[in-house]
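Asks: Sending over my_file_11.pdb (PDB, C-alpha atoms and all ligand atoms).
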```pdb
ATOM      1  CA  MET A 173    -187.371  -7.938  46.402
ATOM      2  CA  GLN A 174    -190.249 -10.275  47.060
ATOM      3  CA  LEU A 175    -192.476 -10.381  43.987
ATOM      4  CA  SER A 176    -195.286 -12.798  44.815
ATOM      5  CA  GLY A 177    -198.546 -11.055  45.707
ATOM      6  CA  ARG A 178    -197.156  -7.651  44.764
ATOM      7  CA  VAL A 179    -198.308  -5.284  42.002
ATOM      8  CA  ALA A 180    -196.388  -4.489  38.813
ATOM      9  CA  VAL A 181    -197.195  -1.817  36.226
ATOM     10  CA  VAL A 182    -195.636  -2.273  32.795
ATOM     11  CA  THR A 183    -195.845   0.481  30.179
ATOM     12  CA  GLY A 184    -195.669  -0.741  26.613
ATOM     13  CA  GLY A 185    -196.851  -3.949  28.247
ATOM     14  CA  ALA A 186    -199.051  -5.132  25.387
ATOM     15  CA  GLY A 187    -196.228  -5.912  22.957
ATOM     16  CA  GLY A 188    -192.724  -7.267  22.555
ATOM     17  CA  ILE A 189    -190.486  -7.050  25.603
ATOM     18  CA  GLY A 190    -193.193  -5.472  27.787
ATOM     19  CA  ALA A 191    -195.530  -8.415  27.226
ATOM     20  CA  ALA A 192    -192.682 -10.801  28.110
ATOM     21  CA  LEU A 193    -192.111  -8.844  31.340
ATOM     22  CA  CYS A 194    -195.836  -9.152  32.134
ATOM     23  CA  ARG A 195    -195.718 -12.933  31.585
ATOM     24  CA  ALA A 196    -192.647 -13.256  33.797
ATOM     25  CA  PHE A 197    -194.178 -11.186  36.614
ATOM     26  CA  LEU A 198    -197.484 -13.089  36.490
ATOM     27  CA  ASP A 199    -195.565 -16.362  36.655
ATOM     28  CA  GLU A 200    -193.960 -15.014  39.853
ATOM     29  CA  GLY A 201    -197.446 -14.540  41.339
ATOM     30  CA  MET A 202    -197.593 -10.777  40.848
ATOM     31  CA  ARG A 203    -200.699  -8.853  39.854
ATOM     32  CA  VAL A 204    -200.010  -6.895  36.686
ATOM     33  CA  VAL A 205    -201.250  -3.665  35.116
ATOM     34  CA  VAL A 206    -200.716  -3.647  31.349
ATOM     35  CA  ALA A 207    -200.453  -0.060  30.097
ATOM     36  CA  ASP A 208    -200.201   0.544  26.369
ATOM     37  CA  VAL A 209    -201.282   3.166  23.865
ATOM     38  CA  VAL A 210    -203.074   0.847  21.408
ATOM     39  CA  PRO A 211    -206.501  -0.142  22.808
ATOM     40  CA  GLU A 212    -206.815  -3.329  20.720
ATOM     41  CA  ARG A 213    -203.367  -4.444  21.875
ATOM     42  CA  VAL A 214    -204.324  -3.844  25.496
ATOM     43  CA  ASP A 215    -207.502  -5.925  25.071
ATOM     44  CA  ALA A 216    -205.622  -8.743  23.336
ATOM     45  CA  ALA A 217    -202.867  -8.727  25.978
ATOM     46  CA  VAL A 218    -205.354  -8.834  28.855
ATOM     47  CA  ALA A 219    -207.220 -11.719  27.190
ATOM     48  CA  GLU A 220    -203.988 -13.672  26.707
ATOM     49  CA  LEU A 221    -202.297 -12.842  30.030
ATOM     50  CA  SER A 222    -205.336 -13.444  32.230
ATOM     51  CA  ALA A 223    -204.761 -17.184  31.990
ATOM     52  CA  ARG A 224    -201.607 -16.619  34.076
ATOM     53  CA  GLY A 225    -203.056 -14.433  36.826
ATOM     54  CA  GLU A 226    -204.760 -11.157  37.721
ATOM     55  CA  VAL A 227    -204.350  -8.512  35.019
ATOM     56  CA  LEU A 228    -205.714  -4.985  34.598
ATOM     57  CA  GLY A 229    -205.424  -3.292  31.209
ATOM     58  CA  VAL A 230    -205.246   0.501  31.048
ATOM     59  CA  VAL A 231    -204.976   2.357  27.746
ATOM     60  CA  THR A 232    -202.191   4.851  28.405
ATOM     61  CA  ASP A 233    -200.144   7.290  26.369
ATOM     62  CA  VAL A 234    -196.915   7.700  28.324
ATOM     63  CA  SER A 235    -196.090  10.905  26.455
ATOM     64  CA  SER A 236    -199.079  12.535  28.209
ATOM     65  CA  PRO A 237    -198.644  13.419  31.916
ATOM     66  CA  GLU A 238    -202.434  13.325  32.397
ATOM     67  CA  SER A 239    -202.676   9.854  30.896
ATOM     68  CA  VAL A 240    -199.919   8.494  33.164
ATOM     69  CA  GLU A 241    -201.477  10.182  36.199
ATOM     70  CA  ALA A 242    -204.770   8.448  35.282
ATOM     71  CA  LEU A 243    -202.841   5.146  35.056
ATOM     72  CA  ALA A 244    -201.562   5.625  38.610
ATOM     73  CA  GLU A 245    -205.082   6.426  39.829
ATOM     74  CA  ARG A 246    -206.512   3.311  38.165
ATOM     75  CA  THR A 247    -203.723   1.207  39.675
ATOM     76  CA  TRP A 248    -204.358   2.460  43.226
ATOM     77  CA  ASP A 249    -208.156   2.240  42.780
ATOM     78  CA  ARG A 250    -207.873  -1.424  41.780
ATOM     79  CA  PHE A 251    -204.903  -2.719  43.783
ATOM     80  CA  GLY A 252    -204.201  -0.024  46.390
ATOM     81  CA  ALA A 253    -200.480  -0.183  45.582
ATOM     82  CA  CYS A 254    -197.728  -0.386  43.012
ATOM     83  CA  HIS A 255    -194.518  -2.137  44.040
ATOM     84  CA  LEU A 256    -192.833  -2.405  40.661
ATOM     85  CA  LEU A 257    -193.032   0.230  37.950
ATOM     86  CA  CYS A 258    -191.519  -0.729  34.584
ATOM     87  CA  ASN A 259    -191.172   2.319  32.361
ATOM     88  CA  ASN A 260    -190.735   0.231  29.256
ATOM     89  CA  ALA A 261    -192.709   1.858  26.417
ATOM     90  CA  GLY A 262    -190.396   3.034  23.683
ATOM     91  CA  VAL A 263    -190.299   3.871  19.976
ATOM     92  CA  GLY A 264    -187.595   4.258  17.337
ATOM     93  CA  ALA A 265    -187.206   7.015  14.745
ATOM     94  CA  PRO A 266    -185.991   6.546  11.167
ATOM     95  CA  SER A 267    -182.211   6.246  10.827
ATOM     96  CA  ALA A 268    -180.873   9.565   9.546
ATOM     97  CA  ASN A 269    -177.985  11.964   9.725
ATOM     98  CA  VAL A 270    -178.732  14.377  12.560
ATOM     99  CA  TRP A 271    -179.226  17.237  10.115
ATOM    100  CA  GLU A 272    -181.762  15.135   8.207
ATOM    101  CA  THR A 273    -183.904  14.383  11.261
ATOM    102  CA  THR A 274    -187.005  16.507  11.814
ATOM    103  CA  VAL A 275    -188.383  18.379  14.781
ATOM    104  CA  ASN A 276    -191.254  15.898  14.985
ATOM    105  CA  ASP A 277    -188.820  12.937  15.062
ATOM    106  CA  TRP A 278    -187.365  14.441  18.248
ATOM    107  CA  ARG A 279    -190.722  15.465  19.711
ATOM    108  CA  TRP A 280    -192.190  12.011  19.200
ATOM    109  CA  VAL A 281    -189.272   9.788  20.216
ATOM    110  CA  HIS A 282    -188.104  11.892  23.160
ATOM    111  CA  GLY A 283    -191.763  12.466  24.125
ATOM    112  CA  VAL A 284    -192.290   8.718  24.524
ATOM    113  CA  ASN A 285    -188.828   7.422  25.473
ATOM    114  CA  VAL A 286    -187.688  10.194  27.819
ATOM    115  CA  MET A 287    -190.789  12.082  28.930
ATOM    116  CA  GLY A 288    -192.692   8.782  29.194
ATOM    117  CA  VAL A 289    -190.187   7.661  31.829
ATOM    118  CA  VAL A 290    -190.296  11.048  33.546
ATOM    119  CA  HIS A 291    -194.106  10.977  33.649
ATOM    120  CA  GLY A 292    -194.016   7.489  35.154
ATOM    121  CA  ILE A 293    -191.630   8.627  37.885
ATOM    122  CA  LEU A 294    -193.632  11.779  38.654
ATOM    123  CA  ALA A 295    -196.975   9.958  38.876
ATOM    124  CA  PHE A 296    -195.848   6.810  40.716
ATOM    125  CA  VAL A 297    -192.751   7.420  42.821
ATOM    126  CA  PRO A 298    -194.285   9.896  45.323
ATOM    127  CA  ARG A 299    -197.180   7.467  45.878
ATOM    128  CA  MET A 300    -194.798   4.514  46.185
ATOM    129  CA  ILE A 301    -192.636   6.366  48.731
ATOM    130  CA  ALA A 302    -195.705   7.480  50.695
ATOM    131  CA  SER A 303    -196.918   3.874  50.933
ATOM    132  CA  GLY A 304    -193.861   3.036  53.061
ATOM    133  CA  GLU A 305    -193.620  -0.330  51.290
ATOM    134  CA  PRO A 306    -190.539  -1.607  49.425
ATOM    135  CA  GLY A 307    -190.688  -0.876  45.720
ATOM    136  CA  HIS A 308    -188.675  -0.732  42.543
ATOM    137  CA  VAL A 309    -188.587   1.287  39.302
ATOM    138  CA  VAL A 310    -187.087  -0.461  36.266
ATOM    139  CA  ASN A 311    -186.479   1.761  33.252
ATOM    140  CA  THR A 312    -185.937   0.088  29.894
ATOM    141  CA  SER A 313    -183.030   1.779  28.192
ATOM    142  CA  SER A 314    -180.874   0.437  25.363
ATOM    143  CA  GLY A 315    -177.225  -0.375  24.845
ATOM    144  CA  ASP A 316    -177.717   1.911  21.823
ATOM    145  CA  GLY A 317    -177.244   5.172  23.691
ATOM    146  CA  GLY A 318    -176.944   3.745  27.169
ATOM    147  CA  ILE A 319    -173.549   2.176  26.422
ATOM    148  CA  GLU A 320    -172.550   3.552  23.035
ATOM    149  CA  PRO A 321    -174.625   5.054  20.231
ATOM    150  CA  LEU A 322    -175.304   3.740  16.770
ATOM    151  CA  PRO A 323    -174.577   7.058  15.016
ATOM    152  CA  ALA A 324    -177.415   6.608  12.497
ATOM    153  CA  ALA A 325    -179.859   6.283  15.373
ATOM    154  CA  SER A 326    -179.126   9.708  16.874
ATOM    155  CA  VAL A 327    -182.683  10.470  17.983
ATOM    156  CA  TYR A 328    -183.221   7.074  19.606
ATOM    157  CA  ALA A 329    -179.697   6.739  21.030
ATOM    158  CA  SER A 330    -179.805  10.175  22.658
ATOM    159  CA  SER A 331    -183.205   9.361  24.191
ATOM    160  CA  LYS A 332    -181.823   6.161  25.720
ATOM    161  CA  ALA A 333    -178.691   7.926  26.972
ATOM    162  CA  ALA A 334    -181.063  10.274  28.803
ATOM    163  CA  VAL A 335    -183.008   7.332  30.255
ATOM    164  CA  SER A 336    -179.835   5.681  31.556
ATOM    165  CA  ILE A 337    -178.520   8.851  33.190
ATOM    166  CA  LEU A 338    -181.831   9.866  34.741
ATOM    167  CA  THR A 339    -182.227   6.337  36.136
ATOM    168  CA  GLU A 340    -178.792   6.535  37.749
ATOM    169  CA  CYS A 341    -179.729   9.892  39.337
ATOM    170  CA  LEU A 342    -183.033   8.433  40.536
ATOM    171  CA  ALA A 343    -181.376   5.343  42.012
ATOM    172  CA  GLN A 344    -178.828   7.436  43.899
ATOM    173  CA  GLN A 345    -181.516   9.736  45.278
ATOM    174  CA  LEU A 346    -183.848   6.922  46.353
ATOM    175  CA  ARG A 347    -180.969   5.495  48.384
ATOM    176  CA  SER A 348    -179.573   8.735  49.783
ATOM    177  CA  GLU A 349    -183.044   9.883  50.846
ATOM    178  CA  GLY A 350    -183.452   6.654  52.813
ATOM    179  CA  THR A 351    -186.499   5.429  50.895
ATOM    180  CA  LYS A 352    -187.459   1.767  50.568
ATOM    181  CA  LEU A 353    -187.460   2.154  46.792
ATOM    182  CA  ARG A 354    -184.749   1.141  44.368
ATOM    183  CA  ALA A 355    -184.290   1.918  40.668
ATOM    184  CA  SER A 356    -182.473   0.024  37.951
ATOM    185  CA  ILE A 357    -181.796  -0.029  34.230
ATOM    186  CA  PHE A 358    -182.804  -2.805  31.858
ATOM    187  CA  TYR A 359    -180.759  -3.174  28.675
ATOM    188  CA  PRO A 360    -182.589  -5.636  26.388
ATOM    189  CA  SER A 361    -179.810  -7.678  24.783
ATOM    190  CA  GLY A 362    -178.635 -11.164  23.942
ATOM    191  CA  GLY A 363    -179.276 -10.972  20.193
ATOM    192  CA  LEU A 364    -181.840  -9.596  17.796
ATOM    193  CA  LEU A 365    -185.236  -9.048  19.362
ATOM    194  CA  ARG A 366    -188.356  -9.966  17.431
ATOM    195  CA  THR A 367    -190.550  -7.083  18.596
ATOM    196  CA  GLY A 368    -192.651  -4.272  17.177
ATOM    197  CA  LEU A 369    -189.837  -1.724  17.624
ATOM    198  CA  TRP A 370    -188.865  -2.276  14.009
ATOM    199  CA  GLU A 371    -192.279  -0.930  13.038
ATOM    200  CA  SER A 372    -192.698   1.789  15.655
ATOM    201  CA  ASP A 373    -194.252   4.089  13.061
ATOM    202  CA  ARG A 374    -197.511   2.210  13.652
ATOM    203  CA  THR A 375    -198.032   4.190  16.873
ATOM    204  CA  ARG A 376    -196.658   7.530  15.640
ATOM    205  CA  PRO A 377    -199.428  10.109  16.172
ATOM    206  CA  ALA A 378    -200.631  12.026  13.101
ATOM    207  CA  GLN A 379    -199.853  15.387  14.722
ATOM    208  CA  LEU A 380    -196.198  14.310  15.042
ATOM    209  CA  ALA A 381    -195.944  12.834  11.535
ATOM    210  CA  ARG A 382    -192.611  13.277   9.796
ATOM    211  CA  GLU A 383    -192.535  16.637   7.984
ATOM    212  CA  LYS A 384    -190.725  15.152   4.952
ATOM    213  CA  PRO A 385    -190.154  11.676   3.514
ATOM    214  CA  ARG A 386    -187.850   9.478   5.580
ATOM    215  CA  PRO A 387    -184.289   9.298   4.233
ATOM    216  CA  THR A 388    -184.048   5.534   4.799
ATOM    217  CA  GLU A 389    -186.556   2.747   4.339
ATOM    218  CA  PRO A 390    -187.584   1.110   7.608
ATOM    219  CA  MET A 391    -185.745  -2.118   8.451
ATOM    220  CA  THR A 392    -188.319  -4.788   9.276
ATOM    221  CA  VAL A 393    -188.072  -8.288  10.685
ATOM    222  CA  ALA A 394    -189.256  -9.630   7.315
ATOM    223  CA  LYS A 395    -186.491  -7.737   5.457
ATOM    224  CA  LEU A 396    -183.840  -8.930   7.883
ATOM    225  CA  GLU A 397    -184.995 -12.500   7.447
ATOM    226  CA  ALA A 398    -184.944 -12.133   3.677
ATOM    227  CA  MET A 399    -181.359 -10.761   3.880
ATOM    228  CA  ALA A 400    -180.319 -13.675   6.073
ATOM    229  CA  ALA A 401    -181.959 -16.246   3.773
ATOM    230  CA  LYS A 402    -180.248 -14.683   0.750
ATOM    231  CA  GLY A 403    -176.871 -14.540   2.516
ATOM    232  CA  GLY A 404    -177.273 -18.053   3.896
ATOM    233  CA  PHE A 405    -176.755 -17.093   7.555
ATOM    234  CA  ASP A 406    -178.847 -17.486  10.692
ATOM    235  CA  LEU A 407    -180.046 -14.484  12.656
ATOM    236  CA  PRO A 408    -179.296 -14.550  16.391
ATOM    237  CA  TRP A 409    -182.829 -14.106  17.720
ATOM    238  CA  GLN A 410    -183.031 -13.767  21.492
ATOM    239  CA  ASP A 411    -185.955 -15.434  23.236
ATOM    240  CA  LEU A 412    -188.013 -12.676  24.894
ATOM    241  CA  ASP A 413    -189.201 -14.771  27.841
ATOM    242  CA  GLU A 414    -185.609 -15.678  28.678
ATOM    243  CA  LEU A 415    -184.742 -11.977  28.455
ATOM    244  CA  ALA A 416    -187.552 -11.046  30.850
ATOM    245  CA  ARG A 417    -186.284 -13.656  33.346
ATOM    246  CA  VAL A 418    -183.080 -11.618  33.607
ATOM    247  CA  VAL A 419    -185.117  -8.758  35.077
ATOM    248  CA  VAL A 420    -186.921 -11.086  37.498
ATOM    249  CA  GLU A 421    -183.613 -12.538  38.689
ATOM    250  CA  GLY A 422    -182.100  -9.060  38.943
ATOM    251  CA  LEU A 423    -184.977  -7.855  41.115
ATOM    252  CA  ARG A 424    -184.186 -10.562  43.683
ATOM    253  CA  ASP A 425    -180.823  -8.861  44.278
ATOM    254  CA  ASP A 426    -181.249  -5.445  45.907
ATOM    255  CA  GLU A 427    -177.804  -4.389  44.709
ATOM    256  CA  GLU A 428    -178.302  -5.144  40.999
ATOM    257  CA  PHE A 429    -178.583  -1.871  39.096
ATOM    258  CA  LEU A 430    -178.179  -3.135  35.554
ATOM    259  CA  HIS A 431    -180.234  -6.008  34.148
ATOM    260  CA  MET A 432    -178.766  -7.411  30.975
ATOM    261  CA  ILE A 433    -177.745 -10.616  29.194
ATOM    262  CA  ASP A 434    -174.042 -10.588  28.232
ATOM    263  CA  ARG A 435    -173.232  -7.843  30.734
ATOM    264  CA  GLU A 436    -169.539  -8.683  30.311
ATOM    265  CA  THR A 437    -169.646  -7.185  26.794
ATOM    266  CA  ILE A 438    -170.038  -3.690  28.274
ATOM    267  CA  GLY A 439    -166.509  -3.454  29.693
ATOM    268  CA  PRO A 440    -164.492  -3.561  26.457
ATOM    269  CA  LYS A 441    -166.864  -1.065  24.795
ATOM    270  CA  LEU A 442    -166.724   1.424  27.635
ATOM    271  CA  ARG A 443    -162.959   1.046  28.055
ATOM    272  CA  ARG A 444    -162.491   1.770  24.328
ATOM    273  CA  ARG A 445    -164.673   4.847  24.686
ATOM    274  CA  ALA A 446    -162.938   5.974  27.868
ATOM    275  CA  GLU A 447    -159.503   5.673  26.239
ATOM    276  CA  ALA A 448    -160.627   7.724  23.240
ATOM    277  CA  PHE A 449    -162.119  10.423  25.468
ATOM    278  CA  GLU A 450    -158.997  10.452  27.641
ATOM    279  CA  GLN A 451    -156.984  11.208  24.522
ATOM    280  CA  GLY A 452    -159.500  13.820  23.413
ATOM    281  CA  ARG A 453    -160.489  11.681  20.413
ATOM    282  CA  LEU A 454    -163.815  10.668  18.883
ATOM    283  CA  PRO A 455    -164.499   7.002  19.755
ATOM    284  CA  GLU A 456    -164.455   4.684  16.763
ATOM    285  CA  HIS A 457    -167.678   2.962  15.842
ATOM    286  CA  GLU A 458    -168.048  -0.415  14.247
ATOM    287  CA  ALA A 459    -170.139  -0.240  11.094
ATOM    288  CA  THR A 460    -173.246  -2.424  11.447
ATOM    289  CA  PRO A 461    -176.078  -3.120   9.005
ATOM    290  CA  LEU A 462    -178.316  -1.060  11.285
ATOM    291  CA  GLY A 463    -176.018   1.972  11.344
TER
HETATM  292  N1  LIG B 501    -186.299  -4.374  20.306
HETATM  293  C1  LIG B 501    -185.046  -4.063  20.574
HETATM  294  O1  LIG B 501    -184.113  -4.441  19.848
HETATM  295  C2  LIG B 501    -184.724  -3.234  21.782
HETATM  296  C3  LIG B 501    -183.386  -3.126  22.180
HETATM  297  C4  LIG B 501    -183.086  -2.337  23.292
HETATM  298  C5  LIG B 501    -184.107  -1.663  23.951
HETATM  299  N2  LIG B 501    -185.408  -1.784  23.536
HETATM  300  C6  LIG B 501    -186.440  -1.059  24.265
HETATM  301  O2  LIG B 501    -187.375  -1.988  24.775
HETATM  302  C7  LIG B 501    -188.632  -1.328  25.021
HETATM  303  C8  LIG B 501    -189.759  -2.156  24.454
HETATM  304  O3  LIG B 501    -189.636  -2.175  23.038
HETATM  305  P1  LIG B 501    -189.984  -3.442  22.148
HETATM  306  O4  LIG B 501    -188.749  -3.807  21.429
HETATM  307  O5  LIG B 501    -190.697  -4.472  22.950
HETATM  308  O6  LIG B 501    -190.950  -2.785  21.076
HETATM  309  P2  LIG B 501    -192.531  -3.020  20.804
HETATM  310  O7  LIG B 501    -192.877  -2.031  19.753
HETATM  311  O8  LIG B 501    -192.794  -4.453  20.532
HETATM  312  O9  LIG B 501    -193.187  -2.632  22.181
HETATM  313  C9  LIG B 501    -193.352  -1.308  22.578
HETATM  314  C10 LIG B 501    -194.766  -1.143  23.105
HETATM  315  O10 LIG B 501    -194.894   0.229  23.514
HETATM  316  C11 LIG B 501    -196.163   0.691  23.094
HETATM  317  N3  LIG B 501    -196.125   2.142  22.965
HETATM  318  C12 LIG B 501    -195.647   2.887  21.934
HETATM  319  N4  LIG B 501    -195.855   4.193  22.183
HETATM  320  C13 LIG B 501    -196.470   4.270  23.395
HETATM  321  C14 LIG B 501    -196.965   5.344  24.173
HETATM  322  N5  LIG B 501    -196.875   6.624  23.739
HETATM  323  N6  LIG B 501    -197.540   5.062  25.373
HETATM  324  C15 LIG B 501    -197.667   3.782  25.807
HETATM  325  N7  LIG B 501    -197.241   2.726  25.078
HETATM  326  C16 LIG B 501    -196.643   2.964  23.901
HETATM  327  C17 LIG B 501    -196.424  -0.025  21.778
HETATM  328  O11 LIG B 501    -197.804  -0.067  21.468
HETATM  329  C18 LIG B 501    -195.821  -1.407  22.040
HETATM  330  O12 LIG B 501    -196.788  -2.313  22.535
HETATM  331  C19 LIG B 501    -188.488   0.049  24.369
HETATM  332  O13 LIG B 501    -188.200   1.016  25.377
HETATM  333  C20 LIG B 501    -187.297  -0.116  23.448
HETATM  334  O14 LIG B 501    -186.656   1.100  23.185
HETATM  335  C21 LIG B 501    -185.730  -2.573  22.480
END
```
Before we go any further, please render this structure as structure tokens.
Replies:
Amino acid sequence: MQLSGRVAVVTGGAGGIGAALCRAFLDEGMRVVVADVVPERVDAAVAELSARGEVLGVVTDVSSPESVEALAERTWDRFGACHLLCNNAGVGAPSANVWETTVNDWRWVHGVNVMGVVHGILAFVPRMIASGEPGHVVNTSSGDGGIEPLPAASVYASSKAAVSILTECLAQQLRSEGTKLRASIFYPSGGLLRTGLWESDRTRPAQLAREKPRPTEPMTVAKLEAMAAKGGFDLPWQDLDELARVVVEGLRDDEEFLHMIDRETIGPKLRRRAEAFEQGRLPEHEATPLG
């Protein structure tokens, strides 16, 4: 896909991985719409990113169909097109046994991670198809759920499993219907990612507050670093700009469906899972500090 001169929309674009995607797309000569739920973050991102190219900031709550529809309208009003939609906004719930999660954990996380992607597809894809121009939808999933779940992260992992499967359905349909659009999955990977996901609670709406105290304290970047300093080991931080380049490179290849660093690590995991399922067994999970 040719990127230069084209228009990209990135949800969750004002922070973490989304902001890195915006930088990468601007550096490719794209015009970029930064959509994020926190107005101050949108303003700060637009101020910072504008040095690289043409940027439009739109405060958007992806869990609201009306808000995402308004995002599409603003995009077409300003640029008359969208060639690349990155449904990237995502949040993480507290780690908990499934029976200790709450209804609002599910409503919030699936509302943003799953319905946010659905709203993006519903608002943008019909317009993108109607334009007759080539286009692409990249949905940010996670190896946690998309490949295998961290059991403690049931709410998050199940939301990302849904994102991966719905993206595969979308990609098949866009092809079989003969459209000029493609869809692909992005699995952020390569190491630990220094992003706001660790502190997702900052954007949790009051009406979806947890109904009871969380069973586990949130893991934060600061806590991880303190653990590493105490244990005398280095944390494998992955550079976010390098990660975003993987998506840019993947978009150049029409056949690439899965953008990821260390893609070769998927095979052994999936084969282990497939063997367990074939034998009717529960796949084994490696214990990790994050569940
Ligand atoms: N950080 C990781 O380790 C990791 C790993 C795999 C996948 N991911 C996925 O990457 C994506 C980006 O996450 P990140 O790590 O950059 O986290 P982040 O918190 O730094 O960025 C997420 C952005 O989404 C925004 N956002 C939250 N709720 C929103 C809503 N309702 N509407 C619009 N925007 C909203 C936040 O304001 C934030 O700017 C997410 O989908 C996440 O699940 C992250």
Asks: Nearest to Pro306 (chain A) among A:Thr392, A:Asn260, A:Thr351, A:Ser331, with distances taken over only C-alpha atoms: which residue is it?
Replies: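 Of A:Thr392, A:Asn260, A:Thr351, A:Ser331, the one nearest Pro306 (chain A), counting only C-alpha atoms, is A:Thr351.
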Asks: With the PyMOL selection byres (((not hetatm)) within 8 of (chain B and resi 501)) as the selection, what would be picked from this file? Answer as a PyMOL selection string, please.
Replies: chain A and resi 183-191+207-210+213+231-236+259-264+283-285+288+312-316+328+332+359-361+364-372+375-376
Asks: Pick out the residues sitting within 8 Å of Phe296 (chain A), and hand them over as a PDB file with C-alpha atoms, in the coordinates of the input; count only C-alpha atoms, and ignore anything fewer than 4 positions along from it in its own chain.
Replies:
```pdb
ATOM      1  CA  GLU A 241    -201.477  10.182  36.199  1.00  0.00           C
ATOM      2  CA  ALA A 244    -201.562   5.625  38.610  1.00  0.00           C
ATOM      3  CA  CYS A 254    -197.728  -0.386  43.012  1.00  0.00           C
ATOM      4  CA  LEU A 257    -193.032   0.230  37.950  1.00  0.00           C
ATOM      5  CA  GLY A 292    -194.016   7.489  35.154  1.00  0.00           C
ATOM      6  CA  MET A 300    -194.798   4.514  46.185  1.00  0.00           C
TER       7      MET A 300
END
```
Asks: Please, which residues are within 6 Å of (-185.5, 3.0, 38.0) by the file's coordinates, counting only C-alpha atoms, and could they come as a PyMOL selection string?
Replies: chain A and resi 309-311+339+355-356
Asks: Which residues fall under the PyMOL selection byres (((chain A and resi 253) around 12) and not hetatm) in this file, as a ChimeraX atom specification?
Replies: /A:177-181,202-205,244-252,254-257,296-307
Asks: Would you mind exporting the chosen residues as a PDB file, in the frame of the given file, restricted to C-alpha atoms?
Replies:
```
ATOM      1  CA  GLY A 177    -198.546 -11.055  45.707  1.00  0.00           C
ATOM      2  CA  ARG A 178    -197.156  -7.651  44.764  1.00  0.00           C
ATOM      3  CA  VAL A 179    -198.308  -5.284  42.002  1.00  0.00           C
ATOM      4  CA  ALA A 180    -196.388  -4.489  38.813  1.00  0.00           C
ATOM      5  CA  VAL A 181    -197.195  -1.817  36.226  1.00  0.00           C
ATOM      6  CA  MET A 202    -197.593 -10.777  40.848  1.00  0.00           C
ATOM      7  CA  ARG A 203    -200.699  -8.853  39.854  1.00  0.00           C
ATOM      8  CA  VAL A 204    -200.010  -6.895  36.686  1.00  0.00           C
ATOM      9  CA  VAL A 205    -201.250  -3.665  35.116  1.00  0.00           C
ATOM     10  CA  ALA A 244    -201.562   5.625  38.610  1.00  0.00           C
ATOM     11  CA  GLU A 245    -205.082   6.426  39.829  1.00  0.00           C
ATOM     12  CA  ARG A 246    -206.512   3.311  38.165  1.00  0.00           C
ATOM     13  CA  THR A 247    -203.723   1.207  39.675  1.00  0.00           C
ATOM     14  CA  TRP A 248    -204.358   2.460  43.226  1.00  0.00           C
ATOM     15  CA  ASP A 249    -208.156   2.240  42.780  1.00  0.00           C
ATOM     16  CA  ARG A 250    -207.873  -1.424  41.780  1.00  0.00           C
ATOM     17  CA  PHE A 251    -204.903  -2.719  43.783  1.00  0.00           C
ATOM     18  CA  GLY A 252    -204.201  -0.024  46.390  1.00  0.00           C
ATOM     19  CA  CYS A 254    -197.728  -0.386  43.012  1.00  0.00           C
ATOM     20  CA  HIS A 255    -194.518  -2.137  44.040  1.00  0.00           C
ATOM     21  CA  LEU A 256    -192.833  -2.405  40.661  1.00  0.00           C
ATOM     22  CA  LEU A 257    -193.032   0.230  37.950  1.00  0.00           C
ATOM     23  CA  PHE A 296    -195.848   6.810  40.716  1.00  0.00           C
ATOM     24  CA  VAL A 297    -192.751   7.420  42.821  1.00  0.00           C
ATOM     25  CA  PRO A 298    -194.285   9.896  45.323  1.00  0.00           C
ATOM     26  CA  ARG A 299    -197.180   7.467  45.878  1.00  0.00           C
ATOM     27  CA  MET A 300    -194.798   4.514  46.185  1.00  0.00           C
ATOM     28  CA  ILE A 301    -192.636   6.366  48.731  1.00  0.00           C
ATOM     29  CA  ALA A 302    -195.705   7.480  50.695  1.00  0.00           C
ATOM     30  CA  SER A 303    -196.918   3.874  50.933  1.00  0.00           C
ATOM     31  CA  GLY A 304    -193.861   3.036  53.061  1.00  0.00           C
ATOM     32  CA  GLU A 305    -193.620  -0.330  51.290  1.00  0.00           C
ATOM     33  CA  PRO A 306    -190.539  -1.607  49.425  1.00  0.00           C
ATOM     34  CA  GLY A 307    -190.688  -0.876  45.720  1.00  0.00           C
TER      35      GLY A 307
END
```
Asks: Expand the PyMOL selection byres (((chain A and resi 442) around 12) and not hetatm) into the individual residues it matches in the shown file, reporting them as a list in words.
Replies: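 Against this file, the PyMOL selection byres (((chain A and resi 442) around 12) and not hetatm) returns the residues Gly315, Gly317, Gly318, Ile319, Glu320, Pro321, Arg435, Glu436, Thr437, Ile438, Gly439, Pro440, Lys441, Arg443, Arg444, Arg445, Ala446, Glu447, Ala448, Phe449, Glu450, Pro455, Glu456 and His457 of chain A.
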Asks: I need the chosen residues saved as a short mmCIF file (atom, residue, chain, number, x, y, z; two decimals), in the coordinates of the input, with C-alpha atoms.
Replies:
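For reference, out.cif as written:
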```cif
data_model
loop_
_atom_site.label_atom_id
_atom_site.label_comp_id
_atom_site.auth_asym_id
_atom_site.auth_seq_id
_atom_site.Cartn_x
_atom_site.Cartn_y
_atom_site.Cartn_z
CA GLY A 315 -177.22 -0.38 24.84
CA GLY A 317 -177.24 5.17 23.69
CA GLY A 318 -176.94 3.74 27.17
CA ILE A 319 -173.55 2.18 26.42
CA GLU A 320 -172.55 3.55 23.04
CA PRO A 321 -174.62 5.05 20.23
CA ARG A 435 -173.23 -7.84 30.73
CA GLU A 436 -169.54 -8.68 30.31
CA THR A 437 -169.65 -7.18 26.79
CA ILE A 438 -170.04 -3.69 28.27
CA GLY A 439 -166.51 -3.45 29.69
CA PRO A 440 -164.49 -3.56 26.46
CA LYS A 441 -166.86 -1.06 24.80
CA ARG A 443 -162.96 1.05 28.06
CA ARG A 444 -162.49 1.77 24.33
CA ARG A 445 -164.67 4.85 24.69
CA ALA A 446 -162.94 5.97 27.87
CA GLU A 447 -159.50 5.67 26.24
CA ALA A 448 -160.63 7.72 23.24
CA PHE A 449 -162.12 10.42 25.47
CA GLU A 450 -159.00 10.45 27.64
CA PRO A 455 -164.50 7.00 19.76
CA GLU A 456 -164.46 4.68 16.76
CA HIS A 457 -167.68 2.96 15.84
#
```
